[in-house]
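Structure file my_file-v4.cif (mmCIF, C-alpha atoms) is printed below.
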```
data_entry
loop_
_atom_site.label_atom_id
_atom_site.label_comp_id
_atom_site.auth_asym_id
_atom_site.auth_seq_id
_atom_site.Cartn_x
_atom_site.Cartn_y
_atom_site.Cartn_z
CA MET A 247 38.83 69.89 -16.63
CA ALA A 248 40.17 68.07 -13.72
CA SER A 249 38.82 64.65 -13.61
CA ILE A 250 37.56 63.52 -10.31
CA ASP A 251 38.83 60.15 -9.33
CA THR A 252 36.02 58.41 -7.65
CA GLY A 253 38.05 55.31 -6.92
CA ALA A 254 35.70 52.41 -7.05
CA LYS A 255 32.77 52.61 -9.29
CA GLY A 256 29.57 53.65 -7.73
CA ALA A 257 28.01 50.17 -7.78
CA PRO A 258 27.23 49.29 -4.19
CA SER A 259 28.42 45.79 -3.57
CA VAL A 260 26.26 43.83 -1.20
CA ASP A 261 27.81 40.93 0.60
CA MET A 262 25.83 37.94 -0.62
CA THR A 263 27.36 35.37 1.73
CA PRO A 264 24.60 35.31 4.37
CA MET A 265 21.99 35.06 1.68
CA VAL A 266 23.76 32.07 0.14
CA ASP A 267 23.97 30.53 3.59
CA LEU A 268 20.27 30.95 4.06
CA GLY A 269 19.57 29.57 0.60
CA PHE A 270 21.51 26.41 1.22
CA LEU A 271 20.03 25.97 4.66
CA LEU A 272 16.53 26.00 3.19
CA ILE A 273 17.60 23.67 0.38
CA THR A 274 18.87 21.19 2.94
CA PHE A 275 15.57 21.37 4.79
CA PHE A 276 13.48 20.78 1.71
CA MET A 277 15.74 18.03 0.44
CA LEU A 278 15.33 16.16 3.70
CA ALA A 279 11.60 16.81 3.85
CA THR A 280 11.00 15.54 0.34
CA THR A 281 10.35 11.86 -0.06
CA MET A 282 11.76 10.99 -3.40
CA SER A 283 11.00 7.30 -3.40
CA LYS A 284 7.49 6.83 -4.66
CA PRO A 285 5.59 3.88 -3.31
CA LYS A 286 5.52 0.84 -5.55
CA THR A 287 2.64 -1.46 -6.10
CA MET A 288 2.17 -5.14 -6.44
CA GLU A 289 -0.60 -6.16 -8.75
CA ILE A 290 -2.93 -8.95 -7.80
CA ILE A 291 -5.56 -10.48 -10.00
CA LYS A 292 -8.08 -12.70 -8.34
CA PRO A 293 -10.34 -15.10 -10.21
CA ALA A 294 -13.84 -13.77 -10.68
CA LYS A 295 -16.34 -14.89 -8.13
CA ASN A 296 -18.95 -17.13 -9.67
CA GLU A 297 -22.53 -17.12 -8.59
CA LYS A 298 -22.31 -20.87 -8.41
CA ASP A 299 -18.96 -21.78 -6.94
CA ASP A 300 -17.92 -24.62 -9.19
CA ASP A 301 -15.19 -26.75 -7.78
CA ALA A 302 -11.76 -26.40 -9.29
CA PRO A 303 -10.24 -29.56 -10.74
CA PRO A 304 -7.99 -31.34 -8.24
CA LEU A 305 -4.37 -30.36 -8.36
CA LYS A 306 -1.78 -33.04 -8.89
CA LYS A 307 0.42 -33.65 -5.88
CA SER A 308 3.52 -33.88 -7.98
CA ARG A 309 3.28 -30.27 -9.10
CA SER A 310 2.02 -28.58 -5.97
CA LEU A 311 3.47 -26.92 -2.93
CA SER A 312 1.37 -25.64 -0.07
CA VAL A 313 2.70 -22.81 2.02
CA LEU A 314 1.16 -21.88 5.34
CA LEU A 315 1.87 -18.52 6.91
CA GLY A 316 2.31 -18.93 10.61
CA GLU A 317 3.01 -16.67 13.50
CA ARG A 318 6.29 -14.93 14.29
CA ASP A 319 7.43 -14.78 10.65
CA LYS A 320 7.43 -18.56 10.26
CA VAL A 321 6.28 -20.43 7.18
CA TYR A 322 5.24 -24.06 7.08
CA PHE A 323 5.12 -25.97 3.86
CA TYR A 324 4.15 -29.39 2.69
CA ILE A 325 3.47 -31.33 -0.47
CA ALA A 326 0.22 -33.20 -0.47
CA SER A 327 -2.58 -34.39 -2.69
CA ASP A 328 -6.23 -34.08 -1.82
CA GLU A 329 -6.31 -37.71 -0.61
CA ASP A 330 -3.32 -37.13 1.60
CA LEU A 331 -5.07 -34.18 3.14
CA LYS A 332 -8.14 -36.28 3.88
CA GLU A 333 -6.13 -39.05 5.46
CA GLY A 334 -3.71 -36.76 7.24
CA ARG A 335 -0.55 -38.14 5.67
CA LEU A 336 1.72 -35.14 5.74
CA GLN A 337 5.26 -34.11 6.25
CA VAL A 338 5.41 -30.48 7.25
CA ASP A 339 8.61 -28.47 7.21
CA SER A 340 9.17 -25.00 8.50
CA ALA A 341 11.27 -22.10 7.31
CA ASP A 342 11.63 -18.38 7.77
CA PHE A 343 11.68 -15.48 5.33
CA SER A 344 15.44 -15.28 4.90
CA ALA A 345 17.03 -15.93 1.52
CA LYS A 346 17.89 -19.49 2.57
CA GLY A 347 14.57 -20.22 4.19
CA VAL A 348 11.42 -20.35 2.16
CA ARG A 349 13.14 -19.19 -1.02
CA GLY A 350 15.44 -22.19 -0.91
CA ALA A 351 12.49 -24.50 -0.35
CA ILE A 352 10.63 -23.05 -3.31
CA ARG A 353 13.70 -23.30 -5.54
CA ASN A 354 14.21 -26.94 -4.53
CA ARG A 355 10.64 -27.73 -5.36
CA GLN A 356 10.96 -25.91 -8.68
CA ASP A 357 13.94 -28.12 -9.53
CA GLU A 358 12.02 -31.27 -8.61
CA VAL A 359 9.09 -30.24 -10.74
CA ALA A 360 11.39 -29.25 -13.61
CA GLN A 361 12.97 -32.71 -13.52
CA GLN A 362 9.64 -34.41 -13.73
CA TYR A 363 7.78 -32.15 -16.15
CA GLY A 364 10.59 -30.44 -18.00
CA SER A 365 9.61 -26.95 -16.96
CA LYS A 366 9.65 -25.36 -13.57
CA ASP A 367 6.60 -23.28 -14.49
CA THR A 368 4.43 -26.35 -13.96
CA LEU A 369 4.72 -25.79 -10.22
CA VAL A 370 1.66 -24.39 -8.50
CA VAL A 371 2.13 -22.79 -5.11
CA LEU A 372 -0.87 -22.61 -2.82
CA ILE A 373 -0.55 -19.86 -0.26
CA LYS A 374 -2.68 -20.27 2.79
CA ALA A 375 -2.76 -17.48 5.30
CA MET A 376 -4.23 -17.90 8.76
CA PRO A 377 -6.67 -15.23 9.93
CA LYS A 378 -4.02 -14.25 12.46
CA SER A 379 -1.15 -14.12 9.98
CA LYS A 380 0.39 -10.73 9.48
CA TYR A 381 -0.13 -8.76 6.29
CA LYS A 382 3.61 -8.23 6.10
CA ASN A 383 4.14 -11.98 5.71
CA MET A 384 1.55 -12.13 2.97
CA VAL A 385 3.38 -9.43 1.04
CA ASP A 386 6.68 -11.20 1.75
CA ILE A 387 5.49 -14.51 0.34
CA LEU A 388 4.02 -12.84 -2.74
CA ASP A 389 7.35 -11.14 -3.13
CA GLU A 390 9.13 -14.51 -2.92
CA MET A 391 6.89 -15.69 -5.77
CA ARG A 392 8.17 -12.80 -7.83
CA ILE A 393 11.79 -13.40 -6.87
CA THR A 394 11.73 -17.13 -7.54
CA GLY A 395 9.69 -16.62 -10.70
CA VAL A 396 6.83 -18.92 -9.80
CA LYS A 397 4.27 -18.41 -12.54
CA SER A 398 1.20 -19.93 -10.94
CA TYR A 399 0.33 -19.26 -7.36
CA ALA A 400 -2.87 -18.64 -5.54
CA LEU A 401 -4.06 -17.29 -2.23
CA VAL A 402 -6.49 -19.95 -1.13
CA ASP A 403 -8.67 -20.65 1.85
CA LEU A 404 -7.50 -22.93 4.58
CA ASP A 405 -8.31 -26.62 4.53
CA LYS A 406 -9.43 -28.31 7.69
CA ILE A 407 -6.07 -30.00 7.99
CA ASP A 408 -4.25 -26.67 7.85
CA SER A 409 -5.87 -25.43 11.02
CA THR A 410 -4.92 -28.71 12.68
CA ILE A 411 -1.33 -28.29 11.58
CA MET A 412 -1.19 -24.77 12.93
CA GLU A 413 -2.72 -25.86 16.22
CA SER A 414 -0.21 -28.64 16.70
CA VAL A 415 2.62 -26.32 15.75
CA GLY A 416 1.34 -23.78 18.25
CA SER A 417 1.21 -26.34 21.03
CA LEU A 418 4.72 -27.58 20.15
CA GLN A 419 6.06 -24.07 20.48
CA GLN A 420 4.50 -23.60 23.86
CA GLN A 421 6.20 -26.66 25.30
CA MET B 1008 67.77 43.52 1.53
CA PRO B 1009 65.16 44.95 -0.60
CA LYS B 1010 61.80 44.80 0.85
CA VAL B 1011 59.25 43.00 -1.19
CA LYS B 1012 56.24 45.03 -1.03
CA MET B 1013 53.23 42.80 -0.75
CA LYS B 1014 50.02 44.39 -1.43
CA ARG B 1015 47.42 43.06 0.93
CA GLN B 1016 44.51 41.96 -1.07
CA ASN B 1017 41.07 41.07 0.03
CA ILE B 1018 39.83 38.02 -1.75
CA ARG B 1019 36.36 38.84 -2.60
CA MET B 1020 34.29 36.43 -4.57
CA ASP B 1021 31.19 37.43 -6.30
CA MET B 1022 28.54 35.51 -4.50
CA THR B 1023 25.70 36.51 -6.78
CA ALA B 1024 25.99 33.51 -9.06
CA MET B 1025 26.12 31.10 -6.15
CA CYS B 1026 23.14 32.78 -4.61
CA ASP B 1027 21.25 32.35 -7.86
CA VAL B 1028 21.99 28.64 -7.95
CA ALA B 1029 21.01 28.20 -4.32
CA PHE B 1030 17.67 29.84 -4.80
CA LEU B 1031 17.01 28.06 -8.05
CA LEU B 1032 17.47 24.72 -6.29
CA LEU B 1033 15.44 25.97 -3.40
CA SER B 1034 12.49 26.84 -5.57
CA PHE B 1035 12.75 23.43 -7.24
CA PHE B 1036 12.56 21.62 -3.93
CA ILE B 1037 9.76 23.81 -2.65
CA LEU B 1038 7.69 23.10 -5.71
CA THR B 1039 8.30 19.36 -5.74
CA THR B 1040 7.72 18.80 -2.03
CA LYS B 1041 4.33 17.41 -1.23
CA PHE B 1042 3.57 17.54 2.41
CA ARG B 1043 1.89 14.53 3.78
CA PRO B 1044 -1.83 15.12 4.10
CA ASN B 1045 -3.49 14.76 7.44
CA GLU B 1046 -4.48 11.13 7.53
CA PRO B 1047 -7.04 9.70 9.91
CA VAL B 1048 -5.04 6.50 10.26
CA GLN B 1049 -1.33 5.84 10.48
CA VAL B 1050 -0.30 3.15 8.05
CA GLU B 1051 3.15 1.65 7.95
CA ILE B 1052 3.37 -0.08 4.60
CA PRO B 1053 5.43 -3.23 4.09
CA SER B 1054 8.38 -3.41 1.74
CA SER B 1055 8.74 -5.55 -1.35
CA THR B 1056 10.80 -5.84 -4.49
CA ALA B 1057 7.88 -4.84 -6.70
CA GLN B 1058 8.83 -2.32 -9.35
CA ILE B 1059 5.54 -1.03 -10.73
CA PRO B 1060 5.09 2.62 -9.81
CA ILE B 1061 1.76 3.72 -8.44
CA PRO B 1062 -0.45 5.45 -11.03
CA GLU B 1063 -0.59 9.22 -10.80
CA LYS B 1064 -4.33 9.67 -10.75
CA ASP B 1065 -7.66 7.89 -10.69
CA ILE B 1066 -6.84 5.89 -7.60
CA LEU B 1067 -9.36 4.42 -5.27
CA MET B 1068 -7.43 3.98 -2.07
CA ILE B 1069 -8.46 1.54 0.61
CA SER B 1070 -6.44 1.93 3.78
CA VAL B 1071 -6.33 -0.67 6.51
CA GLY B 1072 -4.89 0.38 9.84
CA SER B 1073 -2.98 -1.91 12.19
CA ASP B 1074 -6.14 -2.24 14.28
CA GLY B 1075 -8.17 -3.32 11.25
CA ARG B 1076 -10.07 -0.10 10.69
CA VAL B 1077 -10.84 0.38 7.01
CA PHE B 1078 -10.83 3.76 5.26
CA PHE B 1079 -11.88 4.79 1.81
CA GLY B 1080 -10.64 7.59 -0.40
CA VAL B 1081 -10.73 8.74 -4.01
CA ASP B 1082 -8.19 11.24 -5.29
CA ASP B 1083 -10.41 13.17 -7.68
CA GLN B 1084 -12.47 15.95 -6.06
CA ASN B 1085 -15.26 15.86 -8.63
CA THR B 1086 -15.77 12.16 -8.05
CA ARG B 1087 -15.82 12.86 -4.32
CA ALA B 1088 -18.60 15.39 -4.75
CA ALA B 1089 -20.58 12.97 -6.92
CA ILE B 1090 -20.15 10.20 -4.34
CA LEU B 1091 -21.46 12.50 -1.63
CA ASP B 1092 -24.52 13.34 -3.72
CA GLU B 1093 -25.25 9.66 -4.24
CA LEU B 1094 -24.78 8.87 -0.53
CA ALA B 1095 -27.06 11.73 0.46
CA ARG B 1096 -29.73 10.30 -1.80
CA ARG B 1097 -29.37 6.81 -0.37
CA TYR B 1098 -29.14 7.76 3.29
CA ASN B 1099 -31.60 10.67 3.21
CA PHE B 1100 -29.51 13.52 4.46
CA THR B 1101 -29.25 16.99 2.98
CA ILE B 1102 -25.87 18.37 2.06
CA THR B 1103 -25.01 21.97 2.67
CA GLY B 1104 -22.40 23.77 0.63
CA GLU B 1105 -20.12 23.69 3.65
CA MET B 1106 -20.43 19.91 3.99
CA GLN B 1107 -19.68 19.41 0.33
CA LYS B 1108 -16.60 21.59 0.58
CA ARG B 1109 -15.37 19.60 3.56
CA PHE B 1110 -16.00 16.24 1.92
CA LYS B 1111 -14.08 17.33 -1.16
CA LEU B 1112 -11.07 18.08 1.03
CA ILE B 1113 -11.07 14.83 2.99
CA ASP B 1114 -8.61 12.38 1.48
CA GLN B 1115 -9.99 9.43 3.37
CA PHE B 1116 -12.79 8.69 5.71
CA GLY B 1117 -13.85 5.71 7.73
CA VAL B 1118 -17.21 5.98 9.42
CA PRO B 1119 -20.33 3.90 8.78
CA LEU B 1120 -22.13 5.55 5.91
CA ASP B 1121 -25.23 6.46 7.89
CA LYS B 1122 -23.01 8.44 10.27
CA LEU B 1123 -21.22 10.31 7.51
CA SER B 1124 -23.43 13.39 7.71
CA SER B 1125 -22.59 13.89 11.39
CA LEU B 1126 -18.87 13.57 10.60
CA LEU B 1127 -19.21 16.32 8.01
CA THR B 1128 -20.79 18.73 10.49
CA LEU B 1129 -17.51 18.78 12.43
CA SER B 1130 -15.05 21.56 11.79
CA GLN B 1131 -11.70 20.62 10.34
CA GLU B 1132 -10.04 20.85 13.73
CA ASP B 1133 -12.60 18.66 15.45
CA MET B 1134 -12.45 16.15 12.61
CA GLY B 1135 -8.74 15.73 13.19
CA LYS B 1136 -9.40 14.83 16.82
CA PHE B 1137 -12.40 12.64 16.11
CA LYS B 1138 -11.53 8.95 16.10
CA GLN B 1139 -13.19 7.39 13.10
CA THR B 1140 -14.37 3.86 13.67
CA GLY B 1141 -13.67 2.58 10.17
CA LEU B 1142 -16.05 1.34 7.51
CA ARG B 1143 -18.10 -1.74 8.13
CA VAL B 1144 -16.69 -4.53 6.00
CA GLU B 1145 -18.59 -7.75 6.29
CA PRO B 1146 -17.86 -9.98 3.30
CA LYS B 1147 -21.14 -11.82 3.72
CA ALA B 1148 -23.27 -8.74 3.15
CA ARG B 1149 -25.44 -8.52 0.08
CA VAL B 1150 -24.02 -6.03 -2.37
CA GLN B 1151 -26.28 -4.03 -4.61
CA GLY B 1152 -24.91 -4.30 -8.14
CA GLY B 1153 -22.35 -6.95 -7.13
CA VAL B 1154 -22.05 -10.70 -7.20
CA SER B 1155 -24.52 -12.45 -4.95
CA SER B 1156 -23.91 -15.82 -3.41
CA PRO B 1157 -26.27 -18.17 -1.59
CA ASP B 1158 -24.76 -17.65 1.85
CA ASP B 1159 -25.34 -13.90 1.85
CA ASP B 1160 -26.52 -12.43 5.11
CA ALA B 1161 -29.27 -9.85 4.74
CA ASN B 1162 -28.37 -8.14 8.03
CA ALA B 1163 -24.66 -7.74 7.39
CA LYS B 1164 -23.45 -4.32 6.31
CA ASN B 1165 -20.67 -3.60 3.91
CA ASP B 1166 -20.00 0.11 3.50
CA LEU B 1167 -16.85 -0.51 1.51
CA ALA B 1168 -18.63 -2.53 -1.17
CA GLU B 1169 -21.28 0.13 -1.51
CA LEU B 1170 -18.70 2.87 -1.90
CA ILE B 1171 -16.73 0.90 -4.46
CA VAL B 1172 -19.79 0.23 -6.57
CA ILE B 1173 -20.79 3.91 -6.44
CA ALA B 1174 -17.30 5.15 -7.19
CA ARG B 1175 -16.75 2.80 -10.09
CA THR B 1176 -20.04 3.66 -11.75
CA LEU B 1177 -19.16 7.34 -11.47
CA ASN B 1178 -15.63 6.97 -12.73
CA ASP B 1179 -14.76 3.75 -14.53
CA ARG B 1180 -11.07 4.56 -14.85
CA LEU B 1181 -10.53 4.18 -11.10
CA ARG B 1182 -7.85 1.73 -10.10
CA ILE B 1183 -8.06 0.08 -6.75
CA ALA B 1184 -5.12 0.22 -4.39
CA ILE B 1185 -4.89 -1.32 -0.95
CA LYS B 1186 -2.63 0.38 1.53
CA ALA B 1187 -2.45 -1.75 4.61
CA ASP B 1188 -0.35 -1.66 7.72
CA LYS B 1189 2.24 -4.41 7.82
CA GLY B 1190 1.15 -5.50 11.27
CA THR B 1191 -2.50 -5.95 10.48
CA ASP B 1192 -4.05 -9.41 10.62
CA TYR B 1193 -4.63 -11.27 7.38
CA LYS B 1194 -8.28 -11.58 8.25
CA ASN B 1195 -8.80 -7.85 7.76
CA ILE B 1196 -7.14 -8.00 4.36
CA ASP B 1197 -9.10 -11.08 3.43
CA ASP B 1198 -12.37 -9.30 4.25
CA VAL B 1199 -11.36 -6.42 2.00
CA ILE B 1200 -10.32 -8.74 -0.82
CA GLU B 1201 -13.52 -10.76 -0.58
CA THR B 1202 -15.45 -7.48 -0.70
CA LEU B 1203 -13.56 -6.48 -3.82
CA ARG B 1204 -14.34 -9.78 -5.47
CA LYS B 1205 -17.98 -9.32 -4.62
CA THR B 1206 -18.01 -6.01 -6.44
CA ASN B 1207 -16.34 -7.65 -9.44
CA SER B 1208 -13.09 -5.77 -8.85
CA ASN B 1209 -10.74 -8.67 -9.30
CA ARG B 1210 -7.75 -6.60 -10.19
CA PHE B 1211 -6.14 -4.47 -7.53
CA ASN B 1212 -2.79 -3.28 -6.29
CA LEU B 1213 -1.07 -3.62 -2.96
CA ILE B 1214 1.00 -0.60 -2.06
CA THR B 1215 4.49 -1.31 -0.80
CA THR B 1216 7.73 0.57 -0.45
CA ALA B 1217 10.77 -0.40 -2.43
CA ARG B 1218 13.06 -2.61 -0.42
CA ALA B 1219 16.67 -1.46 -0.31
CA GLY B 1220 19.24 -3.85 -1.71
CA ALA B 1221 16.84 -6.52 -2.83
CA GLU B 1222 17.89 -8.85 -5.64
#
```
What would the structure in this file look like if it were written as structure tokens?
Amino acid sequence: MASIDTGAKGAPSVDMTPMVDLGFLLITFFMLATTMSKPKTMEIIKPAKNEKDDDAPPLKKSRSLSVLLGERDKVYFYIASDEDLKEGRLQVDSADFSAKGVRGAIRNRQDEVAQQYGSKDTLVVLIKAMPKSKYKNMVDILDEMRITGVKSYALVDLDKIDSTIMESVGSLQQQ
Amino acid sequence: MPKVKMKRQNIRMDMTAMCDVAFLLLSFFILTTKFRPNEPVQVEIPSSTAQIPIPEKDILMISVGSDGRVFFGVDDQNTRAAILDELARRYNFTITGEMQKRFKLIDQFGVPLDKLSSLLTLSQEDMGKFKQTGLRVEPKARVQGGVSSPDDDANAKNDLAELIVIARTLNDRLRIAIKADKGTDYKNIDDVIETLRKTNSNRFNLITTARAGAE
């Protein structure tokens, strides 16, 4: 019998190129629409609220650092004991949130405390945020605590003197 | 000269394999994409170097907008339904099946609790347009089942505290997360934190994004 040469085999070949194009187009869209970075969290543990608010023991001046969160991403810090606060003997410095700013100040203080007590973990940082401070700055300063490795820090209420400091700073800036 | 006979040849690649790969990847991305739910408040979260990932489930989310409005949400739908039942009992409103279905689908809400029933009568479209006023968060309010202090104010209202107490009794695995806008005033955060302390929830998480190139 004469064989019939059919040439190519009967399989119909479909050009897949447009389909691949479409596939990759959609992939690109979904890749860009997906947010891969999951949000992270920062854990905070506050002391339990007591029915009778017993006063905390006074903190030694030599191992403390008070940080005030001001406006326009400024931080003000000072070292003071409770008596100093009452009498208004203070030296307040200011810094910003750059690596040299408040981080440097905290590191310096850690070194001072380490020299005196032998361990930098003795340092206690008191963070005082004004009602008008921005939440971003609060997160930033807590982040600095993590970066500099300060073990004990606390978000505390403002003292009377702190409001005075912020007022005088505010009036200085307006001049 | 002899002619070199070149046979013209079509280069034809088999695209099938490539097509397979493309669609495999496509289906992967489609399945992993989670579209952002319709949120009643836009929150731009601050960045930090924190590394702890957010837990997958059992989250009690408190959102604070840049204008200080506070919203509440629980991720588990069964807990949501149970919360609604409890609120209906306390505020004397009846829940229809439709209302329950709607409440289960709302990720977050922020209206004073006595107005919740009127929020739930809105259709989904109207709810999207409705501007929620935020929960009342007055740290001085007396909290049922929480810590009381001498300077409590009997007239102050704290919806957030009430919701937290209800939610935590219904589901004790809930972890509290605060998602606040980076431009919001510290006072708003402080009110929320004081409320948390009043309800004996002294452990909570602040949600931040990872900061690029830190450390």
Worksheet item: Taking all atoms listed in the file into account, which of B:Glu1169, B:Thr1140, B:Gly1190, B:Glu1201 comes nearest chain A?
Response: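 Among the listed residues, B:Gly1190 lies closest to chain A.
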Discussion item. Set the cut-off to 7 Å and count only C-alpha atoms: what are the residues of chain B that reach chain A? Output as a PyMOL selection string.
Written reply: chain B and resi 1022-1023+1025-1026+1029-1030+1032-1033+1036-1037+1040+1053+1055-1061+1154-1156+1189-1194+1204-1205+1207+1209-1217
Discussion item. Residues near segment 1091-1097 of chain B, anyone? I mean within 10 Å using all atoms listed in the file, not counting same-chain ones fewer than 6 positions away, as a list in words.
Written reply: Asn1085, Met1106, Gln1107, Phe1110, Lys1111, Leu1120, Asp1121, Leu1123, Ser1124, Glu1169, Leu1170, Ile1173, Ala1174 and Leu1177 of chain B
Discussion item. If the PyMOL selection byres ((chain A and resi 350-367) around 7) were run on this exact file, what residues would it hold? Put them as JSON, numbers by chain.
Written reply: {"A": [309, 345, 346, 347, 348, 349, 368, 369, 394, 396, 397]}
Discussion item. On this structure, the PyMOL selection byres ((chain B and resi 1117) around 7) would catch which residues? List them as a PyMOL selection string, sorted by chain and number.
Written reply: chain B and resi 1077-1079+1115-1116+1118-1119+1139-1142
Practice prompt. Write out as an MDAnalysis selection string the residues lying within 12 Å of Leu372 of chain A, counting all atoms listed in the file and excluding same-chain residues fewer than 4 positions away.
Written response: chainID A and resid 305 307 309:315 322:327 352 387:388 391 396:405 408
Worksheet item: What is the distance, in Å and to one decimal place, between atom CA of Asp342 of chain A and atom CA of Ala1187 of chain B?
Response: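 These atoms are spaced 22.0 Å apart.
Using all atoms listed in the file for every distance, the candidate list B:Lys1186, B:Lys1012, B:Lys1122, B:Lys1136 yields B:Lys1122 as the residue closest to Asp1166 of chain B.
Atom CA of Val1048 of chain B lies 6.1 Å from atom CA of Gly1072 of chain B.
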Worksheet item: In Å, with one decimal, what is the gap from atom CA of Asn1165 of chain B to atom CA of Leu1067 of chain B?
Response: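 Separation of atom CA of Asn1165 of chain B and atom CA of Leu1067 of chain B: 16.6 Å.
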Go ahead and fit an axis-aligned box to every listed atom of segment 1187-1203 of chain B plus 6 Å each side, and pass me the centre and edge lengths in Å, one decimal, as lines of an AutoDock Vina configuration file.
```
center_x = -6.6
center_y = -6.6
center_z = 3.7
size_x = 29.7
size_y = 21.9
size_z = 27.1
```
Fill in: Within-7 Å shell of (1.9, 2.9, 6.6) in input frame, all atoms listed in the file, as a list in words
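Residues with an atom close enough to that point: Gln1049, Val1050, Glu1051, Ile1052, Ala1187 and Asp1188 of chain B.
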N, CA and C atoms are what I want for segment 264-284 of chain A; can you complete it accordingly and write them as a compact mmCIF listing (two decimals), in the frame of the given file?
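See rebuild_1.txt below for the written result:
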```txt
# COMPACT_ATOMS: atom_id res chain seq x y z
N PRO A 264 25.68 35.78 3.49
CA PRO A 264 24.60 35.31 4.37
C PRO A 264 23.38 34.82 3.60
N MET A 265 23.14 35.46 2.48
CA MET A 265 21.99 35.06 1.68
C MET A 265 22.21 33.66 1.10
N VAL A 266 23.44 33.41 0.64
CA VAL A 266 23.76 32.07 0.14
C VAL A 266 23.60 31.06 1.26
N ASP A 267 24.10 31.43 2.44
CA ASP A 267 23.97 30.53 3.59
C ASP A 267 22.51 30.15 3.81
N LEU A 268 21.70 31.16 3.83
CA LEU A 268 20.27 30.95 4.06
C LEU A 268 19.68 30.06 2.97
N GLY A 269 20.06 30.37 1.72
CA GLY A 269 19.57 29.57 0.60
C GLY A 269 19.89 28.11 0.77
N PHE A 270 21.13 27.82 1.10
CA PHE A 270 21.51 26.41 1.22
C PHE A 270 20.88 25.74 2.43
N LEU A 271 20.70 26.52 3.49
CA LEU A 271 20.03 25.97 4.66
C LEU A 271 18.63 25.50 4.29
N LEU A 272 17.90 26.36 3.58
CA LEU A 272 16.53 26.00 3.19
C LEU A 272 16.54 24.83 2.22
N ILE A 273 17.51 24.80 1.31
CA ILE A 273 17.60 23.67 0.38
C ILE A 273 17.74 22.37 1.16
N THR A 274 18.65 22.40 2.15
CA THR A 274 18.87 21.19 2.94
C THR A 274 17.56 20.75 3.58
N PHE A 275 16.83 21.71 4.14
CA PHE A 275 15.57 21.37 4.79
C PHE A 275 14.61 20.72 3.80
N PHE A 276 14.45 21.33 2.65
CA PHE A 276 13.48 20.78 1.71
C PHE A 276 13.93 19.46 1.12
N MET A 277 15.25 19.31 0.96
CA MET A 277 15.74 18.03 0.44
C MET A 277 15.40 16.91 1.41
N LEU A 278 15.60 17.20 2.71
CA LEU A 278 15.33 16.16 3.70
C LEU A 278 13.84 15.92 3.85
N ALA A 279 13.04 16.97 3.66
CA ALA A 279 11.60 16.81 3.85
C ALA A 279 10.95 16.10 2.67
N THR A 280 11.59 16.17 1.51
CA THR A 280 11.00 15.54 0.34
C THR A 280 11.21 14.04 0.38
N THR A 281 10.15 13.29 0.09
CA THR A 281 10.35 11.86 -0.06
C THR A 281 10.41 11.58 -1.55
N MET A 282 11.57 11.21 -1.98
CA MET A 282 11.76 10.99 -3.40
C MET A 282 11.25 9.64 -3.84
N SER A 283 11.37 8.64 -2.96
CA SER A 283 11.00 7.30 -3.40
C SER A 283 9.48 7.19 -3.39
N LYS A 284 8.94 6.98 -4.56
CA LYS A 284 7.49 6.83 -4.66
C LYS A 284 7.14 5.41 -4.27
```
